[in-house]
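**Q** Just target-v2.pdb, nothing more (PDB, C-alpha atoms):
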ATOM      1  CA  MET I 178      42.333 -21.383  42.289  1.00  0.00           C
ATOM      2  CA  LEU I 179      39.832 -22.609  39.792  1.00  0.00           C
ATOM      3  CA  PRO I 180      40.059 -26.334  38.986  1.00  0.00           C
ATOM      4  CA  GLU I 181      40.782 -26.944  35.312  1.00  0.00           C
ATOM      5  CA  PRO I 182      37.597 -28.994  34.639  1.00  0.00           C
ATOM      6  CA  LEU I 183      35.466 -26.117  35.972  1.00  0.00           C
ATOM      7  CA  ARG I 184      37.452 -23.572  33.968  1.00  0.00           C
ATOM      8  CA  GLN I 185      36.905 -25.617  30.797  1.00  0.00           C
ATOM      9  CA  GLU I 186      33.185 -26.012  31.552  1.00  0.00           C
ATOM     10  CA  LEU I 187      32.796 -22.255  31.979  1.00  0.00           C
ATOM     11  CA  GLN I 188      34.820 -21.473  28.866  1.00  0.00           C
ATOM     12  CA  THR I 189      32.565 -23.807  26.864  1.00  0.00           C
ATOM     13  CA  ARG I 190      29.414 -22.138  28.242  1.00  0.00           C
ATOM     14  CA  ILE I 191      30.769 -18.666  27.544  1.00  0.00           C
ATOM     15  CA  ALA I 192      31.801 -19.632  24.003  1.00  0.00           C
ATOM     16  CA  SER I 193      28.272 -20.854  23.275  1.00  0.00           C
ATOM     17  CA  ALA I 194      26.695 -17.555  24.393  1.00  0.00           C
ATOM     18  CA  VAL I 195      25.895 -14.834  21.850  1.00  0.00           C
ATOM     19  CA  THR I 196      28.124 -12.464  23.844  1.00  0.00           C
ATOM     20  CA  PRO I 197      30.310 -13.180  26.880  1.00  0.00           C
ATOM     21  CA  ARG I 198      28.233 -10.748  28.980  1.00  0.00           C
ATOM     22  CA  GLU I 199      25.185 -12.949  28.317  1.00  0.00           C
ATOM     23  CA  ALA I 200      26.937 -15.723  30.254  1.00  0.00           C
ATOM     24  CA  ALA I 201      28.032 -13.490  33.135  1.00  0.00           C
ATOM     25  CA  VAL I 202      25.331 -14.328  35.696  1.00  0.00           C
ATOM     26  CA  GLU I 203      25.511 -18.049  35.027  1.00  0.00           C
ATOM     27  CA  THR I 204      29.312 -17.901  35.286  1.00  0.00           C
ATOM     28  CA  MET I 205      29.144 -16.036  38.606  1.00  0.00           C
ATOM     29  CA  LYS I 206      26.548 -18.466  39.974  1.00  0.00           C
ATOM     30  CA  ARG I 207      28.756 -21.405  39.047  1.00  0.00           C
ATOM     31  CA  LEU I 208      31.793 -19.783  40.675  1.00  0.00           C
ATOM     32  CA  GLN I 209      29.687 -19.026  43.737  1.00  0.00           C
ATOM     33  CA  ALA I 210      28.648 -22.680  43.923  1.00  0.00           C
ATOM     34  CA  HIS I 211      32.308 -23.659  43.789  1.00  0.00           C
ATOM     35  CA  TYR I 212      33.569 -21.207  46.439  1.00  0.00           C
ATOM     36  CA  GLY I 213      30.422 -20.939  48.587  1.00  0.00           C
ATOM     37  CA  TRP I 214      30.152 -17.216  47.821  1.00  0.00           C
ATOM     38  CA  LEU I 215      31.476 -14.843  45.160  1.00  0.00           C
ATOM     39  CA  THR I 216      34.935 -14.166  46.540  1.00  0.00           C
ATOM     40  CA  ASP I 217      37.241 -11.430  45.241  1.00  0.00           C
ATOM     41  CA  GLU I 218      39.218 -14.188  43.524  1.00  0.00           C
ATOM     42  CA  ALA I 219      36.014 -15.430  41.862  1.00  0.00           C
ATOM     43  CA  VAL I 220      35.212 -11.902  40.628  1.00  0.00           C
ATOM     44  CA  GLU I 221      38.667 -11.686  39.044  1.00  0.00           C
ATOM     45  CA  GLU I 222      38.328 -15.165  37.533  1.00  0.00           C
ATOM     46  CA  ALA I 223      34.899 -14.303  36.127  1.00  0.00           C
ATOM     47  CA  GLY I 224      36.323 -11.140  34.590  1.00  0.00           C
ATOM     48  CA  GLU I 225      39.177 -13.054  33.039  1.00  0.00           C
ATOM     49  CA  LEU I 226      36.836 -15.711  31.613  1.00  0.00           C
ATOM     50  CA  LEU I 227      34.270 -13.194  30.346  1.00  0.00           C
ATOM     51  CA  GLY I 228      36.688 -10.559  29.051  1.00  0.00           C
ATOM     52  CA  LEU I 229      35.306  -8.026  31.529  1.00  0.00           C
ATOM     53  CA  SER I 230      37.061  -5.922  34.123  1.00  0.00           C
ATOM     54  CA  PRO I 231      36.652  -6.915  37.773  1.00  0.00           C
ATOM     55  CA  LEU I 232      34.681  -3.667  38.238  1.00  0.00           C
ATOM     56  CA  GLN I 233      32.212  -4.685  35.513  1.00  0.00           C
ATOM     57  CA  VAL I 234      31.762  -8.082  37.164  1.00  0.00           C
ATOM     58  CA  GLU I 235      31.352  -6.409  40.561  1.00  0.00           C
ATOM     59  CA  GLU I 236      28.651  -4.117  39.158  1.00  0.00           C
ATOM     60  CA  LEU I 237      26.706  -7.136  37.894  1.00  0.00           C
ATOM     61  CA  ALA I 238      27.277  -9.150  41.066  1.00  0.00           C
ATOM     62  CA  THR I 239      25.962  -6.451  43.366  1.00  0.00           C
ATOM     63  CA  PHE I 240      22.846  -6.002  41.233  1.00  0.00           C
ATOM     64  CA  TYR I 241      21.575  -9.562  41.727  1.00  0.00           C
ATOM     65  CA  GLU I 242      20.225 -10.524  45.161  1.00  0.00           C
ATOM     66  CA  MET I 243      21.220 -14.160  44.864  1.00  0.00           C
ATOM     67  CA  LEU I 244      24.873 -13.499  44.228  1.00  0.00           C
ATOM     68  CA  TYR I 245      26.678 -13.172  47.550  1.00  0.00           C
ATOM     69  CA  ARG I 246      29.716 -10.948  47.903  1.00  0.00           C
ATOM     70  CA  ARG I 247      30.319 -12.046  51.476  1.00  0.00           C
ATOM     71  CA  PRO I 248      30.316 -15.471  53.137  1.00  0.00           C
ATOM     72  CA  VAL I 249      26.913 -17.073  53.643  1.00  0.00           C
ATOM     73  CA  GLY I 250      25.663 -20.226  55.301  1.00  0.00           C
ATOM     74  CA  LYS I 251      25.335 -23.549  53.530  1.00  0.00           C
ATOM     75  CA  ARG I 252      21.617 -22.840  53.178  1.00  0.00           C
ATOM     76  CA  VAL I 253      20.519 -19.300  52.338  1.00  0.00           C
ATOM     77  CA  ILE I 254      16.937 -18.505  53.297  1.00  0.00           C
ATOM     78  CA  HIS I 255      15.407 -15.835  51.076  1.00  0.00           C
ATOM     79  CA  CYS I 256      12.306 -14.530  52.777  1.00  0.00           C
ATOM     80  CA  CYS I 257      10.083 -12.616  50.386  1.00  0.00           C
ATOM     81  CA  ASP I 258       9.236  -9.107  51.536  1.00  0.00           C
ATOM     82  CA  SER I 259       7.101  -8.042  48.575  1.00  0.00           C
ATOM     83  CA  ILE I 260       3.713  -6.435  49.179  1.00  0.00           C
ATOM     84  CA  SER I 261       1.855  -9.730  48.688  1.00  0.00           C
ATOM     85  CA  CYS I 262       3.944 -11.582  51.248  1.00  0.00           C
ATOM     86  CA  TRP I 263       3.983  -8.600  53.607  1.00  0.00           C
ATOM     87  CA  ALA I 264       0.162  -8.400  53.492  1.00  0.00           C
ATOM     88  CA  ARG I 265      -0.061 -12.094  54.379  1.00  0.00           C
ATOM     89  CA  GLY I 266       2.308 -11.933  57.362  1.00  0.00           C
ATOM     90  CA  GLY I 267       5.714 -12.162  55.696  1.00  0.00           C
ATOM     91  CA  GLU I 268       7.358  -9.576  57.941  1.00  0.00           C
ATOM     92  CA  SER I 269       6.349 -11.353  61.146  1.00  0.00           C
ATOM     93  CA  LEU I 270       7.290 -14.651  59.507  1.00  0.00           C
ATOM     94  CA  MET I 271      10.809 -13.367  58.806  1.00  0.00           C
ATOM     95  CA  GLN I 272      11.136 -12.237  62.425  1.00  0.00           C
ATOM     96  CA  HIS I 273       9.870 -15.657  63.551  1.00  0.00           C
ATOM     97  CA  ILE I 274      12.529 -17.376  61.411  1.00  0.00           C
ATOM     98  CA  ALA I 275      15.201 -15.067  62.840  1.00  0.00           C
ATOM     99  CA  GLY I 276      14.042 -15.990  66.345  1.00  0.00           C
ATOM    100  CA  LEU I 277      14.057 -19.725  65.605  1.00  0.00           C
ATOM    101  CA  LEU I 278      17.595 -19.444  64.258  1.00  0.00           C
ATOM    102  CA  GLY I 279      18.838 -17.053  66.943  1.00  0.00           C
ATOM    103  CA  ILE I 280      20.090 -14.529  64.388  1.00  0.00           C
ATOM    104  CA  GLY I 281      19.087 -11.199  62.906  1.00  0.00           C
ATOM    105  CA  VAL I 282      18.070 -10.637  59.318  1.00  0.00           C
ATOM    106  CA  GLY I 283      21.236 -10.637  57.205  1.00  0.00           C
ATOM    107  CA  GLU I 284      23.138 -12.841  59.654  1.00  0.00           C
ATOM    108  CA  THR I 285      24.395 -16.421  59.603  1.00  0.00           C
ATOM    109  CA  THR I 286      23.870 -19.006  62.324  1.00  0.00           C
ATOM    110  CA  ARG I 287      26.887 -19.889  64.473  1.00  0.00           C
ATOM    111  CA  ASP I 288      27.031 -23.376  62.969  1.00  0.00           C
ATOM    112  CA  GLY I 289      27.280 -21.841  59.482  1.00  0.00           C
ATOM    113  CA  ILE I 290      24.206 -23.628  58.163  1.00  0.00           C
ATOM    114  CA  PHE I 291      21.690 -20.801  57.629  1.00  0.00           C
ATOM    115  CA  THR I 292      21.852 -17.210  56.425  1.00  0.00           C
ATOM    116  CA  LEU I 293      18.580 -15.247  56.499  1.00  0.00           C
ATOM    117  CA  LEU I 294      18.088 -12.600  53.813  1.00  0.00           C
ATOM    118  CA  PRO I 295      15.100 -10.565  52.682  1.00  0.00           C
ATOM    119  CA  CYS I 296      14.254 -10.836  49.000  1.00  0.00           C
ATOM    120  CA  CYS I 297      12.387  -8.352  46.822  1.00  0.00           C
ATOM    121  CA  CYS I 298      10.033 -10.884  45.196  1.00  0.00           C
ATOM    122  CA  LEU I 299      10.128 -14.611  44.608  1.00  0.00           C
ATOM    123  CA  GLY I 300       7.290 -14.569  42.073  1.00  0.00           C
ATOM    124  CA  ASN I 301       5.049 -16.774  44.171  1.00  0.00           C
ATOM    125  CA  CYS I 302       2.489 -14.146  45.205  1.00  0.00           C
ATOM    126  CA  GLY I 303      -0.470 -16.516  44.941  1.00  0.00           C
ATOM    127  CA  GLN I 304       1.052 -18.645  47.697  1.00  0.00           C
ATOM    128  CA  ALA I 305       2.220 -15.862  50.001  1.00  0.00           C
ATOM    129  CA  PRO I 306       3.980 -15.753  52.355  1.00  0.00           C
ATOM    130  CA  THR I 307       6.905 -17.398  50.608  1.00  0.00           C
ATOM    131  CA  MET I 308      10.536 -18.225  51.222  1.00  0.00           C
ATOM    132  CA  MET I 309      13.205 -19.996  49.219  1.00  0.00           C
ATOM    133  CA  ILE I 310      16.011 -22.114  50.587  1.00  0.00           C
ATOM    134  CA  GLY I 311      18.583 -22.958  47.945  1.00  0.00           C
ATOM    135  CA  ASP I 312      16.513 -23.634  44.852  1.00  0.00           C
ATOM    136  CA  THR I 313      13.442 -24.851  46.747  1.00  0.00           C
ATOM    137  CA  LEU I 314      10.458 -22.511  46.933  1.00  0.00           C
ATOM    138  CA  TYR I 315       8.090 -22.795  49.910  1.00  0.00           C
ATOM    139  CA  GLY I 316       4.701 -21.072  49.870  1.00  0.00           C
ATOM    140  CA  ASN I 317       1.607 -20.751  52.054  1.00  0.00           C
ATOM    141  CA  LEU I 318       3.895 -20.704  55.058  1.00  0.00           C
ATOM    142  CA  THR I 319       2.747 -20.954  58.640  1.00  0.00           C
ATOM    143  CA  LEU I 320       4.881 -20.632  61.762  1.00  0.00           C
ATOM    144  CA  GLU I 321       4.591 -24.371  62.364  1.00  0.00           C
ATOM    145  CA  ARG I 322       5.456 -25.291  58.786  1.00  0.00           C
ATOM    146  CA  VAL I 323       8.521 -23.021  58.820  1.00  0.00           C
ATOM    147  CA  ALA I 324       9.854 -24.707  61.961  1.00  0.00           C
ATOM    148  CA  GLU I 325       9.486 -28.123  60.306  1.00  0.00           C
ATOM    149  CA  ILE I 326      11.123 -26.950  57.057  1.00  0.00           C
ATOM    150  CA  LEU I 327      14.093 -25.521  58.971  1.00  0.00           C
ATOM    151  CA  ARG I 328      14.447 -28.764  60.931  1.00  0.00           C
ATOM    152  CA  GLN I 329      14.464 -30.791  57.701  1.00  0.00           C
ATOM    153  CA  GLU I 330      16.898 -28.430  55.980  1.00  0.00           C
ATOM    154  CA  ARG I 331      19.290 -28.517  58.947  1.00  0.00           C
ATOM    155  CA  GLU I 332      19.113 -32.308  59.035  1.00  0.00           C
ATOM    156  CA  SER I 333      19.734 -32.671  55.289  1.00  0.00           C
ATOM    157  CA  CYS I 334      22.634 -30.239  55.488  1.00  0.00           C
ATOM    158  CA  ARG I 335      24.294 -32.248  58.219  1.00  0.00           C
ATOM    159  CA  THR I 336      23.923 -35.518  56.323  1.00  0.00           C
ATOM    160  CA  SER I 337      25.163 -34.166  52.978  1.00  0.00           C
TER
END
Please go through the file and, once you have read it, give me the structure as structure tokens.
**A**
Amino acid sequence: MLPEPLRQELQTRIASAVTPREAAVETMKRLQAHYGWLTDEAVEEAGELLGLSPLQVEELATFYEMLYRRPVGKRVIHCCDSISCWARGGESLMQHIAGLLGIGVGETTRDGIFTLLPCCCLGNCGQAPTMMIGDTLYGNLTLERVAEILRQERESCRTS
């Protein structure tokens, strides 16, 4: 159930948009932040708030890579697999991350902290290979640097 302050915040944002559909992605991202992922309940709530059917919301949600229709870890690692990152070792980097975490691509660690997902492009081609954890973009990655970043992210997740 959506807390009333969040409902009011979303209604205000939607009302300020030119059309409700314009506010759809932002609304879904906010609901995702609240629930941890875009649950079926969140899809229905988004539809109700936006004046869209749950199917219309679902269509939008499944189009965007950073909207999650299944549970994810507290920190989602998006590993860029575009041509620029691939050419600079991104594929082996993603496999290295999977090995460090003890999971496969698309899986979540047992402790629920990390989910590893490929991403079409993070727009950081000049600093390939690149990954993003939460809203933080990391470029010019090396195997050593990735291990340190994961250690720091795990530590900050446990203390927050």
**Q** May I have a table of the residues of range 246-284 of chain I lying at most 10 Å from range 206-226 of chain I, giving each one's closest pair of atoms and their distance in Å to one decimal, counting all atoms listed in the file, ordered by chain and ascending residue number, as CSV?
**A**
residue,atom,partner,partner_atom,distance
I:Arg246,CA,I:Leu215,CA,5.1
I:Arg247,CA,I:Trp214,CA,6.3
I:Pro248,CA,I:Trp214,CA,5.6
I:Val249,CA,I:Trp214,CA,6.7
I:Gly250,CA,I:Gly213,CA,8.3
I:Lys251,CA,I:Gly213,CA,7.6
**Q** Using CA of Leu320 in chain I and CA of Glu242 in chain I as the two end points, give the distance in Å to one decimal.
**A**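 Between these atoms lies a distance of 24.8 Å.
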**Q** Translate the PyMOL selection byres ((chain I and resi 280-295) around 7) into a concrete residue list for this structure, as number ranges by chain.
**A** I: 249-258, 275-276, 278-279, 296-297, 331
**Q** Please measure the separation of CA of Ile260 in chain I and CA of Tyr241 in chain I, giving the value in Å to one decimal.
**A**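 Going from CA of Ile260 in chain I over to CA of Tyr241 in chain I, I get 19.6 Å.
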**Q** Please write the residues picked by the PyMOL selection byres ((chain I and resi 184-187) around 10) on this file as number ranges by chain.
**A** I: 178-183, 188-193, 200, 203-205, 207-208, 222-223, 226-227
**Q** Generate all heavy atoms for range 299-310 of chain I and emit them as a CSV table (one decimal), in the coordinates of the input.
**A**
chain,number,residue,atom,x,y,z
I,299,LEU,N,9.8,-13.3,45.1
I,299,LEU,CA,10.1,-14.6,44.6
I,299,LEU,C,9.2,-15.1,43.5
I,299,LEU,O,9.2,-16.2,43.1
I,299,LEU,CB,10.2,-15.6,45.8
I,299,LEU,CG,11.3,-15.4,46.8
I,299,LEU,CD1,11.1,-16.2,48.0
I,299,LEU,CD2,12.6,-15.7,46.1
I,300,GLY,N,8.2,-14.2,43.1
I,300,GLY,CA,7.3,-14.6,42.1
I,300,GLY,C,6.3,-15.6,42.4
I,300,GLY,O,5.8,-16.4,41.6
I,301,ASN,N,6.0,-15.7,43.7
I,301,ASN,CA,5.0,-16.8,44.2
I,301,ASN,C,3.9,-16.1,45.0
I,301,ASN,O,3.5,-16.6,46.0
I,301,ASN,CB,5.8,-17.8,45.0
I,301,ASN,CG,5.1,-19.1,45.2
I,301,ASN,OD1,4.4,-19.5,44.3
I,301,ASN,ND2,5.3,-19.7,46.3
I,302,CYS,N,3.4,-15.0,44.5
I,302,CYS,CA,2.5,-14.1,45.2
I,302,CYS,C,1.2,-14.9,45.5
I,302,CYS,O,0.6,-14.6,46.6
I,302,CYS,CB,2.2,-12.9,44.4
I,302,CYS,SG,3.6,-11.9,44.1
I,303,GLY,N,0.8,-15.8,44.7
I,303,GLY,CA,-0.5,-16.5,44.9
I,303,GLY,C,-0.4,-17.5,46.1
I,303,GLY,O,-1.4,-18.0,46.6
I,304,GLN,N,0.9,-17.7,46.6
I,304,GLN,CA,1.1,-18.6,47.7
I,304,GLN,C,1.8,-17.9,48.8
I,304,GLN,O,2.5,-18.6,49.6
I,304,GLN,CB,1.8,-19.9,47.3
I,304,GLN,CG,1.0,-20.7,46.3
I,304,GLN,CD,1.8,-22.0,46.0
I,304,GLN,OE1,2.6,-22.5,46.7
I,304,GLN,NE2,1.5,-22.6,44.8
I,305,ALA,N,1.6,-16.7,49.0
I,305,ALA,CA,2.2,-15.9,50.0
I,305,ALA,C,1.7,-16.3,51.4
I,305,ALA,O,0.6,-16.8,51.5
I,305,ALA,CB,1.9,-14.4,49.8
I,306,PRO,N,2.6,-16.2,52.4
I,306,PRO,CA,4.0,-15.8,52.4
I,306,PRO,C,4.9,-16.9,51.9
I,306,PRO,O,4.6,-18.1,52.0
I,306,PRO,CB,4.3,-15.4,53.8
I,306,PRO,CG,3.4,-16.2,54.6
I,306,PRO,CD,2.1,-16.4,53.8
I,307,THR,N,6.0,-16.5,51.3
I,307,THR,CA,6.9,-17.4,50.6
I,307,THR,C,8.3,-17.2,51.1
I,307,THR,O,8.8,-16.1,51.4
I,307,THR,CB,6.8,-17.1,49.1
I,307,THR,OG1,5.5,-17.4,48.7
I,307,THR,CG2,7.8,-18.0,48.3
I,308,MET,N,9.1,-18.3,51.0
I,308,MET,CA,10.5,-18.2,51.2
I,308,MET,C,11.2,-19.2,50.3
I,308,MET,O,10.5,-20.1,49.8
I,308,MET,CB,10.9,-18.5,52.7
I,308,MET,CG,10.8,-19.9,53.1
I,308,MET,SD,11.4,-20.2,54.8
I,308,MET,CE,11.0,-21.9,55.1
I,309,MET,N,12.5,-19.1,50.0
I,309,MET,CA,13.2,-20.0,49.2
I,309,MET,C,14.5,-20.4,50.0
I,309,MET,O,15.2,-19.5,50.5
I,309,MET,CB,13.5,-19.4,47.9
I,309,MET,CG,14.2,-20.4,46.9
I,309,MET,SD,14.2,-19.8,45.2
I,309,MET,CE,15.4,-18.6,45.2
I,310,ILE,N,14.8,-21.6,50.0
I,310,ILE,CA,16.0,-22.1,50.6
I,310,ILE,C,16.7,-22.9,49.5
I,310,ILE,O,16.2,-23.9,49.0
I,310,ILE,CB,15.8,-23.0,51.8
I,310,ILE,CG1,15.0,-22.3,52.9
I,310,ILE,CG2,17.1,-23.5,52.4
I,310,ILE,CD1,14.6,-23.1,54.1
